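Inspection log for the structure reproduced underneath, given as structure tokens.
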Amino acid sequence: MGHAVQTLKSFNAKIPEFCLSHWLLRLPLTIVFIQQGLSKFPVSAEDANSFELPYIVWWFAAYGELGGGMGLLIGGVLLHINKVGFWVGDTITRFSGFTIGCIMTGVIWVGKPESLIDVLLHDNLHVFLWLGGLFFALRGNHAK
């Protein structure tokens, strides 16, 4: 058993660290939220009514999705700019993650699920998007 563990440790040590792995989560979230935000433009009361939402909620959803997606992208780009760019990008990333989490909470809530189990079993795409937003809200640009 000790030899197998040592072999696995040796193999693991040879695998290089991919320090840009946050982009593997950041890019799909960015694409989804920019796409969903743009699909709501032009923002209209008729579209809001079709989802039985007040216009102001629909407006915040559209601009929040677009801003959240763009913020994740801009925050990630600023990660590679000097020290000032890092903390500014980190703040933008965290705020965008928080915005995404809020929007996804609303999306799940508007679906009027019967229980938490119902959400986890049948609404897993929204749960994954919510968790992605939560990840960036909590880790910001400190994710590796």
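FYI, nothing fancy with the structure tokens labels: chains A, B, ... in order, residues from 1 per chain, ligands from 1 as they appear.
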
Would you please give, as a PyMOL selection string, all residues of segment 12-130 of chain A that DSSP assigns to helix (DSSP H, G or I) based on the backbone?
-> chain A and resi 12-14+22-39+45-50+55-78+83-110+116-122+124-130

Determine the nearest neighbour of Leu79 of chain A from the options A:Ile92, A:Val43, A:Ala48, A:Leu120, counting only C-alpha atoms.
->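 Closest residue, counting only C-alpha atoms: A:Ile92.
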
Taking into account only C-alpha atoms, which residue in the set A:Val84, A:Met70, A:Leu25, A:Leu53 is nearest to Val110 of chain A?
->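 Of all the options, A:Leu53 lies closest to Val110 of chain A.
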
Work out how far apart atom CA of Gly69 of chain A and atom CA of Leu38 of chain A are and give it in Å to one decimal.
->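 Rounded to one decimal, the two atoms are 10.5 Å apart.
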
Point-to-point distance from atom CA of Leu138 of chain A to atom CA of Ser21 of chain A, Å rounded to tenths =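 Distance reported for this atom pair: 16.4 Å.
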
Long-range neighbours of His122 of chain A as a count of residues only, 12 Å cut-off, only C-alpha atoms, 6 positions minimum in chain | 7

Fewer than 6 positions away in the same chain doesn't count, so skip those; otherwise give me all residues within 12 Å of Val88 of chain A, counting only C-alpha atoms, as a ChimeraX atom specification.
-> /A:71-72,74-82,94-95,140-141

Point out the residue among A:Thr93, A:Leu73, A:Gly64, A:Phe33 with the least atom-to-atom distance to Arg139 of chain A, counting only C-alpha atoms.
-> A:Thr93

Which is closer to Trp87 of chain A than all the others in A:His126, A:His142, A:Lys40, A:Arg26, using only C-alpha atoms?
->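 Closest to Trp87 of chain A, using only C-alpha atoms: A:His142.
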
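Atom to atom, atom CA of Ser10 of chain A and atom CA of Ala143 of chain A stand 24.9 Å apart.
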
Kindly provide the residues of segment 109-137 of chain A that approach segment 98-101 of chain A to within 9 Å, each paired with its closest atom pair and their distance in Å to one decimal, based on only C-alpha atoms, listed by chain and increasing number, as JSON lines.
```
{"residue": "A:Leu129", "atom": "CA", "partner": "A:Gly101", "partner_atom": "CA", "distance": 7.8}
{"residue": "A:Trp130", "atom": "CA", "partner": "A:Gly101", "partner_atom": "CA", "distance": 4.9}
{"residue": "A:Leu131", "atom": "CA", "partner": "A:Gly101", "partner_atom": "CA", "distance": 7.3}
{"residue": "A:Gly132", "atom": "CA", "partner": "A:Gly101", "partner_atom": "CA", "distance": 7.9}
{"residue": "A:Gly133", "atom": "CA", "partner": "A:Gly101", "partner_atom": "CA", "distance": 4.8}
{"residue": "A:Leu134", "atom": "CA", "partner": "A:Gly101", "partner_atom": "CA", "distance": 5.7}
{"residue": "A:Phe136", "atom": "CA", "partner": "A:Phe98", "partner_atom": "CA", "distance": 7.6}
{"residue": "A:Ala137", "atom": "CA", "partner": "A:Phe98", "partner_atom": "CA", "distance": 5.0}
```

What does the file look like for those residues with N, CA and C atoms, as a PDB file, in the first residue's frame?
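out.pdb, written as the output of this step:
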```
ATOM      1  N   LEU A 129     -25.451  27.260 -11.905  1.00  0.00           N
ATOM      2  CA  LEU A 129     -25.175  28.669 -12.170  1.00  0.00           C
ATOM      3  C   LEU A 129     -25.128  29.467 -10.867  1.00  0.00           C
ATOM      4  N   TRP A 130     -26.015  29.139  -9.930  1.00  0.00           N
ATOM      5  CA  TRP A 130     -26.019  29.797  -8.613  1.00  0.00           C
ATOM      6  C   TRP A 130     -24.712  29.514  -7.884  1.00  0.00           C
ATOM      7  N   LEU A 131     -24.261  28.256  -7.914  1.00  0.00           N
ATOM      8  CA  LEU A 131     -23.010  27.889  -7.251  1.00  0.00           C
ATOM      9  C   LEU A 131     -21.805  28.557  -7.914  1.00  0.00           C
ATOM     10  N   GLY A 132     -21.844  28.703  -9.245  1.00  0.00           N
ATOM     11  CA  GLY A 132     -20.764  29.413  -9.934  1.00  0.00           C
ATOM     12  C   GLY A 132     -20.690  30.863  -9.490  1.00  0.00           C
ATOM     13  N   GLY A 133     -21.837  31.514  -9.381  1.00  0.00           N
ATOM     14  CA  GLY A 133     -21.859  32.887  -8.875  1.00  0.00           C
ATOM     15  C   GLY A 133     -21.358  32.964  -7.447  1.00  0.00           C
ATOM     16  N   LEU A 134     -21.781  32.021  -6.628  1.00  0.00           N
ATOM     17  CA  LEU A 134     -21.344  31.986  -5.230  1.00  0.00           C
ATOM     18  C   LEU A 134     -19.834  31.776  -5.131  1.00  0.00           C
ATOM     19  N   PHE A 136     -17.474  32.717  -7.264  1.00  0.00           N
ATOM     20  CA  PHE A 136     -16.742  33.948  -7.565  1.00  0.00           C
ATOM     21  C   PHE A 136     -17.038  35.049  -6.551  1.00  0.00           C
ATOM     22  N   ALA A 137     -18.213  35.036  -5.933  1.00  0.00           N
ATOM     23  CA  ALA A 137     -18.498  36.014  -4.884  1.00  0.00           C
ATOM     24  C   ALA A 137     -17.591  35.769  -3.676  1.00  0.00           C
TER      25      ALA A 137
END
```

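For the set A:Ala61, A:Cys19, A:Ala13, A:Leu66, the residue with the smallest atom-to-atom gap to Gln35 of chain A is A:Leu66, counting only C-alpha atoms.
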
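Of the residues under consideration (A:Val107, A:Ile34, A:Ala4, A:Leu27), A:Val107 shows the shortest atom-to-atom contact distance to Trp58 of chain A when counting only C-alpha atoms.
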